[in-house]
>>> print(open('final29.csv').read())   # CSV, C-alpha atoms
chain,number,residue,atom,x,y,z
O,1,MET,CA,113.8,98.7,107.3
O,2,GLN,CA,115.7,97.0,104.6
O,3,SER,CA,119.1,98.2,105.5
O,4,GLU,CA,121.1,95.7,103.4
O,5,LYS,CA,120.0,97.4,100.2
O,6,ILE,CA,121.8,100.6,100.9
O,7,ILE,CA,125.4,100.2,99.9
O,8,SER,CA,127.8,100.4,102.8
O,9,THR,CA,131.0,102.3,102.8
O,10,HIS,CA,132.5,99.4,104.5
O,11,ASP,CA,133.2,96.0,103.1
O,12,ILE,CA,131.1,93.2,104.6
O,13,LYS,CA,132.5,89.9,103.7
O,14,GLU,CA,131.9,86.3,104.8
O,15,PRO,CA,134.6,86.1,107.5
O,16,GLY,CA,136.0,82.8,108.2
O,17,VAL,CA,133.8,81.0,105.7
O,18,LYS,CA,136.4,81.0,102.9
O,19,ARG,CA,139.1,79.6,105.1
O,20,ILE,CA,137.2,76.4,106.1
O,21,SER,CA,137.3,73.1,104.5
O,22,PRO,CA,133.9,71.3,104.0
O,23,ASP,CA,135.6,68.1,105.2
O,24,GLU,CA,136.3,69.5,108.6
O,25,THR,CA,133.8,68.7,111.4
O,26,LEU,CA,130.9,71.1,111.8
O,27,GLU,CA,131.9,72.0,115.4
O,28,THR,CA,135.4,73.1,114.2
O,29,CYS,CA,133.9,75.2,111.4
O,30,ALA,CA,131.2,76.6,113.7
O,31,ARG,CA,133.6,77.9,116.2
O,32,ARG,CA,135.8,79.5,113.6
O,33,ILE,CA,132.8,81.2,111.8
O,34,ILE,CA,131.2,82.5,115.0
O,35,VAL,CA,134.4,83.9,116.3
O,36,SER,CA,135.2,85.5,112.9
O,37,TYR,CA,131.7,87.1,112.6
O,38,PHE,CA,131.9,88.3,116.2
O,39,GLN,CA,135.3,90.0,115.7
O,40,GLN,CA,134.0,91.7,112.5
O,41,MET,CA,130.9,92.9,114.3
O,42,MET,CA,132.9,94.3,117.2
O,43,SER,CA,135.3,96.1,114.8
O,44,TYR,CA,132.4,98.5,114.0
O,45,LYS,CA,131.7,99.3,117.6
O,46,GLU,CA,133.8,102.5,118.0
O,47,GLY,CA,132.4,104.0,114.8
O,48,THR,CA,128.9,103.1,115.9
O,49,LYS,CA,129.5,104.8,119.3
O,50,ASP,CA,130.8,107.9,117.6
O,51,GLY,CA,127.6,108.1,115.5
O,52,THR,CA,128.9,110.4,112.8
O,53,ASP,CA,129.0,107.9,110.0
O,54,ILE,CA,125.7,106.0,109.9
O,55,GLU,CA,127.2,103.1,108.0
O,56,PHE,CA,129.0,101.8,111.1
O,57,VAL,CA,125.6,101.1,112.7
O,58,HIS,CA,124.4,99.5,109.4
O,59,ASP,CA,127.5,97.2,109.1
O,60,MET,CA,127.5,96.2,112.8
O,61,ARG,CA,123.8,95.4,112.6
O,62,VAL,CA,124.1,93.3,109.4
O,63,THR,CA,127.1,91.4,110.8
O,64,SER,CA,125.2,90.8,114.1
O,65,ARG,CA,122.3,89.3,112.0
O,66,ARG,CA,124.8,87.0,110.1
O,67,LEU,CA,126.3,86.0,113.4
O,68,ARG,CA,122.9,85.1,114.8
O,69,ALA,CA,122.0,83.1,111.7
O,70,ALA,CA,125.3,81.1,112.2
O,71,MET,CA,124.5,80.7,115.9
O,72,ASP,CA,121.0,79.4,115.1
O,73,ASN,CA,122.4,76.8,112.7
O,74,PHE,CA,125.3,75.7,115.0
O,75,ALA,CA,123.6,75.8,118.4
O,76,ASP,CA,123.8,72.0,118.8
O,77,CYS,CA,127.6,72.2,118.8
O,78,PHE,CA,127.7,74.0,122.1
O,79,ARG,CA,126.6,73.6,125.7
O,80,GLU,CA,123.1,75.0,125.9
O,81,LYS,CA,123.1,77.3,128.9
O,82,PRO,CA,126.2,79.4,128.2
O,83,PHE,CA,125.4,79.4,124.5
O,84,LYS,CA,121.9,80.9,125.2
O,85,LYS,CA,123.4,83.5,127.5
O,86,HIS,CA,125.8,84.7,124.7
O,87,TYR,CA,123.0,84.5,122.1
O,88,LYS,CA,120.8,86.8,124.1
O,89,LYS,CA,123.5,89.4,124.2
O,90,ILE,CA,123.9,89.3,120.5
O,91,LYS,CA,120.2,89.6,120.0
O,92,ALA,CA,120.2,92.6,122.3
O,93,ILE,CA,122.9,94.2,120.2
O,94,THR,CA,120.9,93.7,117.0
O,95,ARG,CA,117.7,95.0,118.6
O,96,THR,CA,119.2,98.3,120.0
O,97,MET,CA,121.0,99.0,116.8
O,98,GLY,CA,117.9,98.2,114.8
O,99,ALA,CA,116.0,101.1,116.4
O,100,VAL,CA,118.8,103.5,115.4
O,101,ARG,CA,119.2,102.1,111.9
O,102,ASP,CA,115.5,102.2,111.1
O,103,LEU,CA,115.5,105.9,111.9
O,104,ASP,CA,118.6,106.5,109.8
O,105,VAL,CA,116.9,104.8,106.8
O,106,LEU,CA,113.7,106.8,107.3
O,107,ILE,CA,115.5,110.1,107.6
O,108,ALA,CA,117.5,109.4,104.4
O,109,ARG,CA,114.4,108.4,102.6
O,110,PHE,CA,112.4,111.5,103.6
O,111,GLN,CA,115.4,113.7,102.7
O,112,ARG,CA,115.3,112.2,99.2
O,113,GLU,CA,111.6,112.6,98.9
O,114,VAL,CA,111.5,116.2,100.2
O,115,ASP,CA,113.2,117.5,97.1
O,116,THR,CA,110.5,116.1,94.9
O,117,LEU,CA,107.7,118.1,96.7
O,118,SER,CA,106.5,121.6,96.3
O,119,LYS,CA,107.6,124.3,98.8
O,120,ILE,CA,104.3,124.1,100.6
O,121,GLU,CA,104.5,120.3,100.9
O,122,GLN,CA,108.1,120.4,102.0
O,123,ALA,CA,107.4,122.3,105.2
O,124,ASP,CA,105.7,119.4,107.1
O,125,ILE,CA,108.3,116.9,105.8
O,126,HIS,CA,111.1,119.1,107.2
O,127,GLY,CA,109.2,119.0,110.5
O,128,LEU,CA,108.9,115.2,110.3
O,129,ILE,CA,112.7,114.9,109.6
O,130,ALA,CA,113.5,117.0,112.6
O,131,HIS,CA,111.2,114.9,114.7
O,132,LEU,CA,112.9,111.7,113.5
O,133,ARG,CA,116.4,113.2,114.2
O,134,ASN,CA,115.3,113.7,117.8
O,135,GLU,CA,114.0,110.2,118.0
O,136,ARG,CA,117.3,108.9,116.7
O,137,GLU,CA,119.2,110.6,119.5
O,138,LYS,CA,116.8,109.0,122.0
O,139,ALA,CA,117.3,105.6,120.3
O,140,ARG,CA,121.0,105.8,120.6
O,141,LYS,CA,120.9,106.0,124.3
O,142,PRO,CA,119.9,102.3,125.0
O,143,MET,CA,122.4,101.2,122.4
O,144,LEU,CA,125.2,103.1,124.1
O,145,ALA,CA,124.1,101.9,127.5
O,146,LEU,CA,124.3,98.3,126.2
O,147,PHE,CA,127.8,98.9,125.0
O,148,THR,CA,128.8,100.3,128.3
O,149,GLU,CA,127.3,97.3,130.1
O,150,LEU,CA,129.1,94.9,127.7
O,151,GLU,CA,132.4,96.6,128.4
O,152,ALA,CA,131.9,96.6,132.1
O,153,THR,CA,131.1,92.9,132.2
O,154,ASP,CA,134.0,92.0,129.8
O,155,PHE,CA,131.5,90.4,127.4
O,156,GLU,CA,133.9,90.3,124.5
O,157,THR,CA,136.5,88.3,126.3
O,158,LYS,CA,134.0,85.9,127.7
O,159,PHE,CA,132.3,85.4,124.3
O,160,LEU,CA,135.6,84.6,122.7
O,161,ALA,CA,136.8,82.4,125.5
O,162,PHE,CA,133.6,80.3,125.1
O,163,PHE,CA,133.7,80.0,121.3
O,164,VAL,CA,137.4,79.8,120.8
O,165,GLY,CA,138.0,77.3,123.6
O,166,ALA,CA,137.2,73.6,123.5
O,167,VAL,CA,133.8,74.1,125.0
O,168,CYS,CA,131.7,72.2,122.5
O,169,ASN,CA,128.7,70.2,123.6
O,170,PRO,CA,130.0,67.1,125.3
O,171,ASP,CA,126.7,65.4,125.1
O,172,THR,CA,126.4,65.5,121.4
O,173,GLU,CA,127.3,62.7,119.0
O,174,ARG,CA,130.8,62.9,117.7
R,1,MET,CA,109.0,88.7,114.1
R,2,ALA,CA,108.7,85.0,114.2
R,3,LYS,CA,111.6,83.0,115.7
R,4,ALA,CA,113.8,80.9,113.6
R,5,HIS,CA,112.7,77.3,113.4
R,6,LYS,CA,114.7,74.9,115.6
R,7,ILE,CA,117.2,73.0,113.4
R,8,ILE,CA,117.1,69.3,114.0
R,9,GLY,CA,119.4,66.4,113.2
R,10,VAL,CA,122.6,68.4,113.3
R,11,ALA,CA,125.7,66.3,113.9
R,12,PRO,CA,128.6,68.4,115.2
R,13,GLY,CA,131.1,65.6,114.8
R,14,ARG,CA,130.3,65.0,111.2
R,15,SER,CA,131.6,67.1,108.3
R,16,TYR,CA,130.5,70.6,107.4
R,17,HIS,CA,129.6,69.2,104.0
R,18,GLU,CA,127.2,66.6,105.4
R,19,ASN,CA,125.6,69.1,107.8
R,20,ALA,CA,124.9,71.5,105.0
R,21,ARG,CA,122.6,68.9,103.5
R,22,ILE,CA,120.8,68.5,106.8
R,23,ILE,CA,120.5,72.2,107.7
R,24,LEU,CA,119.7,74.0,104.4
R,25,PRO,CA,116.6,72.0,103.5
R,26,GLN,CA,115.1,72.9,106.8
R,27,LYS,CA,115.8,76.6,106.1
R,28,VAL,CA,114.0,76.3,102.8
R,29,GLU,CA,111.0,74.7,104.5
R,30,GLU,CA,110.8,77.5,107.0
R,31,VAL,CA,110.4,80.0,104.1
R,32,TRP,CA,107.5,78.0,102.7
R,33,THR,CA,105.6,78.0,105.9
R,34,TRP,CA,104.5,81.5,105.1
R,35,GLU,CA,103.4,80.7,101.6
R,36,PRO,CA,99.7,80.2,102.3
R,37,PHE,CA,99.4,83.9,103.4
R,38,ILE,CA,101.2,85.8,100.7
R,39,ARG,CA,98.3,86.1,98.2
R,40,ASP,CA,96.7,88.6,100.6
R,41,ALA,CA,98.4,92.0,100.3
R,42,ALA,CA,97.1,93.0,103.7
R,43,ARG,CA,98.9,90.2,105.6
R,44,ARG,CA,101.9,92.4,106.3
R,45,GLU,CA,103.0,90.5,109.3
R,46,GLU,CA,103.3,87.2,107.4
R,47,LEU,CA,105.0,88.9,104.5
R,48,HIS,CA,107.5,90.4,106.9
R,49,ASN,CA,108.0,87.0,108.5
R,50,MET,CA,108.6,85.4,105.1
R,51,ARG,CA,111.2,88.1,104.4
R,52,ILE,CA,113.0,87.3,107.6
R,53,SER,CA,112.9,83.6,106.8
R,54,ILE,CA,114.3,84.3,103.3
R,55,LYS,CA,117.0,86.4,104.9
R,56,ARG,CA,117.9,83.5,107.2
R,57,LEU,CA,118.0,81.1,104.2
R,58,ARG,CA,120.2,83.6,102.4
R,59,TYR,CA,122.7,83.9,105.2
R,60,THR,CA,122.8,80.1,105.7
R,61,MET,CA,123.3,79.5,102.0
R,62,GLU,CA,126.2,82.0,102.1
R,63,LEU,CA,127.6,80.1,105.1
R,64,PHE,CA,127.5,76.8,103.3
R,65,HIS,CA,128.6,78.0,99.9
R,66,VAL,CA,132.0,76.3,100.4
R,67,ALA,CA,130.2,73.0,100.9
R,68,TYR,CA,128.9,73.1,97.3
R,69,ARG,CA,132.0,74.4,95.6
R,70,ASN,CA,132.4,71.2,93.5
R,71,SER,CA,128.8,70.6,92.8
R,72,GLY,CA,126.4,71.7,90.2
R,73,GLN,CA,126.3,72.0,86.5
R,74,PRO,CA,125.4,75.2,84.7
R,75,LEU,CA,121.7,75.6,84.1
R,76,ALA,CA,120.1,75.3,80.7
R,77,GLY,CA,119.1,79.0,80.9
R,78,ARG,CA,120.8,82.1,82.0
R,79,MET,CA,120.3,84.8,84.6
R,80,GLU,CA,118.8,87.9,83.1
R,81,ARG,CA,118.0,91.2,84.6
R,82,GLY,CA,114.4,92.0,83.7
R,83,THR,CA,113.2,95.5,83.0
R,84,ASP,CA,111.9,95.6,86.6
R,85,GLY,CA,115.3,94.8,87.9
R,86,ALA,CA,114.4,91.3,88.7
R,87,SER,CA,116.9,88.5,88.6
R,88,ILE,CA,115.0,85.4,87.5
R,89,PHE,CA,115.9,82.1,85.9
R,90,GLN,CA,114.8,82.1,82.3
R,91,SER,CA,115.2,78.3,82.2
R,92,SER,CA,113.4,75.3,83.5
R,93,PHE,CA,116.1,75.0,86.2
R,94,LEU,CA,117.1,71.6,84.9
R,95,PRO,CA,120.8,71.0,85.1
R,96,VAL,CA,122.3,70.0,81.7
R,97,PRO,CA,125.6,68.5,80.7
R,98,SER,CA,128.1,71.1,79.6
R,99,ARG,CA,131.5,71.1,78.0
R,100,LYS,CA,132.6,73.7,80.4
R,101,PRO,CA,131.0,73.0,83.7
R,102,LYS,CA,131.4,75.8,86.2
R,103,ALA,CA,131.5,74.7,89.7
R,104,GLU,CA,129.0,76.4,92.0
R,105,SER,CA,127.2,78.2,89.2
R,106,GLN,CA,123.9,76.5,90.0
R,107,TYR,CA,124.3,77.2,93.7
R,108,THR,CA,125.1,80.9,92.9
R,109,LYS,CA,122.0,81.1,90.7
R,110,PHE,CA,119.7,79.7,93.4
R,111,LEU,CA,121.2,82.1,95.9
R,112,ALA,CA,120.6,85.0,93.5
R,113,VAL,CA,116.9,84.2,93.3
R,114,ILE,CA,116.7,84.1,97.1
R,115,VAL,CA,118.5,87.5,97.4
R,116,ASP,CA,116.1,89.0,94.8
R,117,LEU,CA,113.0,87.7,96.7
R,118,GLN,CA,114.5,89.2,100.0
R,119,GLU,CA,115.0,92.5,98.4
R,120,ILE,CA,111.6,92.9,96.9
R,121,LEU,CA,109.9,91.9,100.1
R,122,GLY,CA,112.2,94.4,101.8
R,123,ASP,CA,110.8,97.1,99.6
R,124,VAL,CA,107.3,96.1,100.6
R,125,HIS,CA,108.2,96.2,104.2
R,126,ASP,CA,109.9,99.6,103.9
R,127,CYS,CA,106.7,101.0,102.5
R,128,ASP,CA,104.8,99.6,105.4
R,129,VAL,CA,107.1,101.2,107.9
R,130,VAL,CA,107.1,104.6,106.0
R,131,LEU,CA,103.3,104.5,106.0
R,132,ASP,CA,103.2,103.8,109.7
R,133,VAL,CA,105.4,106.9,110.3
R,134,LEU,CA,103.5,109.1,108.0
R,135,THR,CA,100.1,108.2,109.4
R,136,GLY,CA,101.3,108.3,112.9
R,137,ASN,CA,102.7,111.8,112.3
R,138,ALA,CA,99.5,112.9,110.7
R,139,ASN,CA,97.3,111.5,113.5
R,140,GLY,CA,99.5,112.5,116.3
R,141,ALA,CA,98.7,115.1,119.0
R,142,GLY,CA,98.3,118.6,117.4
R,143,ALA,CA,98.1,117.2,113.9
R,144,ALA,CA,94.3,117.5,113.3
R,145,VAL,CA,94.7,118.0,109.6
R,146,LEU,CA,97.0,116.1,107.3
R,147,GLY,CA,99.8,118.3,106.0
R,148,PRO,CA,100.0,118.5,102.3
R,149,GLY,CA,103.5,117.0,102.1
R,150,VAL,CA,102.5,114.1,104.3
R,151,ALA,CA,99.3,113.5,102.3
R,152,THR,CA,101.3,113.4,99.1
R,153,LEU,CA,103.9,110.9,100.5
R,154,ILE,CA,101.1,108.7,101.9
R,155,ALA,CA,99.5,108.4,98.5
R,156,ARG,CA,102.8,107.9,96.7
R,157,THR,CA,104.0,105.3,99.2
R,158,LYS,CA,100.7,103.4,98.9
R,159,GLU,CA,101.2,103.2,95.1
R,160,THR,CA,104.8,102.0,95.5
R,161,ARG,CA,103.8,99.4,98.0
R,162,LYS,CA,101.1,98.1,95.7
R,163,ALA,CA,103.5,97.9,92.8
R,164,ASP,CA,106.2,96.2,94.9
R,165,TYR,CA,103.8,93.6,96.2
R,166,GLU,CA,102.5,92.8,92.8
R,167,THR,CA,106.1,92.4,91.5
R,168,PHE,CA,106.9,90.1,94.4
R,169,LEU,CA,103.8,88.0,93.8
R,170,ARG,CA,104.4,87.8,90.1
R,171,LYS,CA,108.0,86.5,90.7
R,172,TRP,CA,106.8,84.1,93.3
R,173,GLU,CA,104.1,82.6,91.0
R,174,HIS,CA,106.7,82.4,88.2
R,175,LEU,CA,109.0,80.4,90.4
R,176,SER,CA,106.2,78.2,91.7
R,177,THR,CA,105.0,77.2,88.3
R,178,ARG,CA,108.6,76.2,87.5
R,179,GLY,CA,109.0,74.0,90.6
R,180,PHE,CA,111.6,76.2,92.1
R,181,LYS,CA,111.2,74.9,95.6
R,182,GLN,CA,111.5,71.2,94.6
R,183,LYS,CA,114.5,71.9,92.5
R,184,LEU,CA,116.2,73.8,95.2
R,185,LEU,CA,115.6,71.1,97.8
R,186,SER,CA,116.7,68.4,95.4
R,187,PHE,CA,119.9,70.3,94.7
R,188,LEU,CA,120.7,71.1,98.3
R,189,ARG,CA,120.1,67.5,99.4
R,190,ASN,CA,121.6,65.6,96.6
R,191,SER,CA,124.5,67.5,95.2
R,192,GLU,CA,127.9,66.1,95.9
>>> encode(input="final29.csv", output="structure tokens")
Amino acid sequence: MQSEKIISTHDIKEPGVKRISPDETLETCARRIIVSYFQQMMSYKEGTKDGTDIEFVHDMRVTSRRLRAAMDNFADCFREKPFKKHYKKIKAITRTMGAVRDLDVLIARFQREVDTLSKIEQADIHGLIAHLRNEREKARKPMLALFTELEATDFETKFLAFFVGAVCNPDTER
Amino acid sequence: MAKAHKIIGVAPGRSYHENARIILPQKVEEVWTWEPFIRDAARREELHNMRISIKRLRYTMELFHVAYRNSGQPLAGRMERGTDGASIFQSSFLPVPSRKPKAESQYTKFLAVIVDLQEILGDVHDCDVVLDVLTGNANGAGAAVLGPGVATLIARTKETRKADYETFLRKWEHLSTRGFKQKLLSFLRNSE
């Protein structure tokens, strides 16, 4: 679903991008941008886990997509094997949150639509909304399990150590 | 969802500015790989893939905005908000000399067109997802007959989808006849 169109209660910016100089090397900028997006994405994690405010899921998912776009563009700056390992984790974050977000958007849409229907028509849409709410609770489980796994394996520290540190691709032309 | 095309020719040791001119044109080309399919409203997978490619282009343009801060002249035309909410260039896209050149204005306008295309394709995709849910609900176990509310929303969503698709195609053809792709590529490659 087109989650970006719904105005977030949180402020998504272009982290890191405004602080870079276009004359710096790509690898310097790439590291700074990736770290900045990653930190912003992870800042939404606790709110996402809580689940009360649906905008945390939205913001975390959008930021994970921006992070992936940056990683796609800058992949050649880093050693391939560890880079791919980290990339796959980010992809998993986007995917598990996508399932939840899609249901949030559908529920919100049907809630808006239901008021425009007659009483008779409303009954089955209320049933549909209840069904989607149950599906949302199910969809949150893989997402929460992934967060637990990431915490247990110290993913955040390892990700930052890789991208902050001088671990750019030594085989690439300088 | 189709994977992002592999970016080639990236030079990590060269400047961010130089690499912007290597990476961005490839992102533009990825969008246009879906162009042969979009005149068929039923090609929802390809329309979805085009939306994703446009989103990747948008995010990449936002990443490299800083690399075009000193380039670009204001366009001959201006950005207008149409009655359908569409942001489109009303000009020929040709840069013209100006007494008060505004840095990055051209880049910003190109980016606004990309965002607009992403949003309208997003609307089309949203309708497809809603229709999947509604028809799945109607045809699911124990739902032998369409409920009246579901039937009403299916009909309504089909109409909305049709209108959104036509809006997208009209915008796309408008941009195509004005050489949008060539002008965008030329700008991204050649602006200093």
>>> closest_residue(input="final29.csv", among="R:Glu166, R:Glu46, R:Glu30, R:Asp123", to="chain O", atoms="all atoms listed in the file")
R:Asp123
>>> closest_atom_pairs(input="final29.csv", of="chain R", to="chain O", cutoff="8 Å", atoms="only C-alpha atoms", output="tab-separated table")
residue	atom	partner	partner_atom	distance
R:Ala4	CA	O:Asp72	CA	7.5
R:Lys6	CA	O:Asp72	CA	7.8
R:Ile7	CA	O:Asn73	CA	6.5
R:Val10	CA	O:Asp76	CA	6.7
R:Ala11	CA	O:Glu173	CA	6.4
R:Pro12	CA	O:Glu27	CA	4.9
R:Gly13	CA	O:Arg174	CA	4.0
R:Arg14	CA	O:Thr25	CA	5.1
R:Ser15	CA	O:Thr25	CA	4.1
R:Tyr16	CA	O:Leu26	CA	4.4
R:His17	CA	O:Pro22	CA	4.8
R:Asn19	CA	O:Leu26	CA	6.9
R:Ile23	CA	O:Asn73	CA	7.1
R:Arg56	CA	O:Ala69	CA	6.1
R:Tyr59	CA	O:Arg66	CA	6.2
R:Thr60	CA	O:Ala69	CA	6.8
R:Glu62	CA	O:Glu14	CA	7.6
R:Leu63	CA	O:Val17	CA	6.3
R:Phe64	CA	O:Val17	CA	7.9
R:Val66	CA	O:Pro22	CA	6.4
R:Ala67	CA	O:Pro22	CA	5.1
R:Glu119	CA	O:Lys5	CA	7.2
R:Gly122	CA	O:Gln2	CA	5.2
R:Asp123	CA	O:Gln2	CA	7.0
R:His125	CA	O:Met1	CA	6.9
R:Asp126	CA	O:Met1	CA	5.3
R:Val129	CA	O:Met1	CA	7.2
R:Val130	CA	O:Leu106	CA	7.1
R:Asn137	CA	O:Leu128	CA	7.3
R:Gly147	CA	O:Asp124	CA	6.1
R:Pro148	CA	O:Glu121	CA	5.0
R:Gly149	CA	O:Glu121	CA	3.7
R:Val150	CA	O:Ile125	CA	6.6
R:Thr152	CA	O:Glu121	CA	7.8
>>> atom_distance(input="final29.csv", atom1="atom CA of O:Met143", atom2="atom CA of O:Val100")
8.2 Å
>>> closest_residue(input="final29.csv", among="R:Ala112, R:Met50, R:Val28, R:Leu134", to="R:Lys3", atoms="all atoms listed in the file")
R:Met50
>>> atom_distance(input="final29.csv", atom1="atom CA of R:Lys27", atom2="atom CA of R:Ile8")
10.8 Å
>>> atom_distance(input="final29.csv", atom1="atom CA of O:Gly165", atom2="atom CA of O:Lys81")
15.8 Å
>>> residues_around(input="final29.csv", residues="R:Leu57", least_positions_apart="4", cutoff="8 Å", atoms="all atoms listed in the file", output="list in words")
Leu24, Lys27, Val28, Val31, Ser53, Met61 and Ile114 of chain R
>>> closest_residue(input="final29.csv", among="R:Gln118, R:Gln106, R:Thr157, R:Ser186", to="R:Trp172", atoms="all atoms listed in the file")
R:Gln118
>>> residues_around(input="final29.csv", residues="O:Arg133", least_positions_apart="4", cutoff="10 Å", atoms="only C-alpha atoms", output="list in words")
Leu103, Asp104, Leu106, Ile107, Gly127, Leu128, Ile129, Glu137, Lys138 and Ala139 of chain O
>>> closest_residue(input="final29.csv", among="R:Asp128, R:Thr108, R:Arg156, R:Arg43", to="O:Thr116", atoms="all atoms listed in the file")
R:Arg156
>>> residues_around(input="final29.csv", residues="R:Thr135", least_positions_apart="6", cutoff="9 Å", atoms="all atoms listed in the file", output="list of chain:residue names")
R:Leu146, R:Val150, R:Ala151, R:Ile154
>>> closest_residue(input="final29.csv", among="R:His5, R:Gly179, R:Leu153, R:Tyr165", to="R:Gln26", atoms="all atoms listed in the file")
R:His5
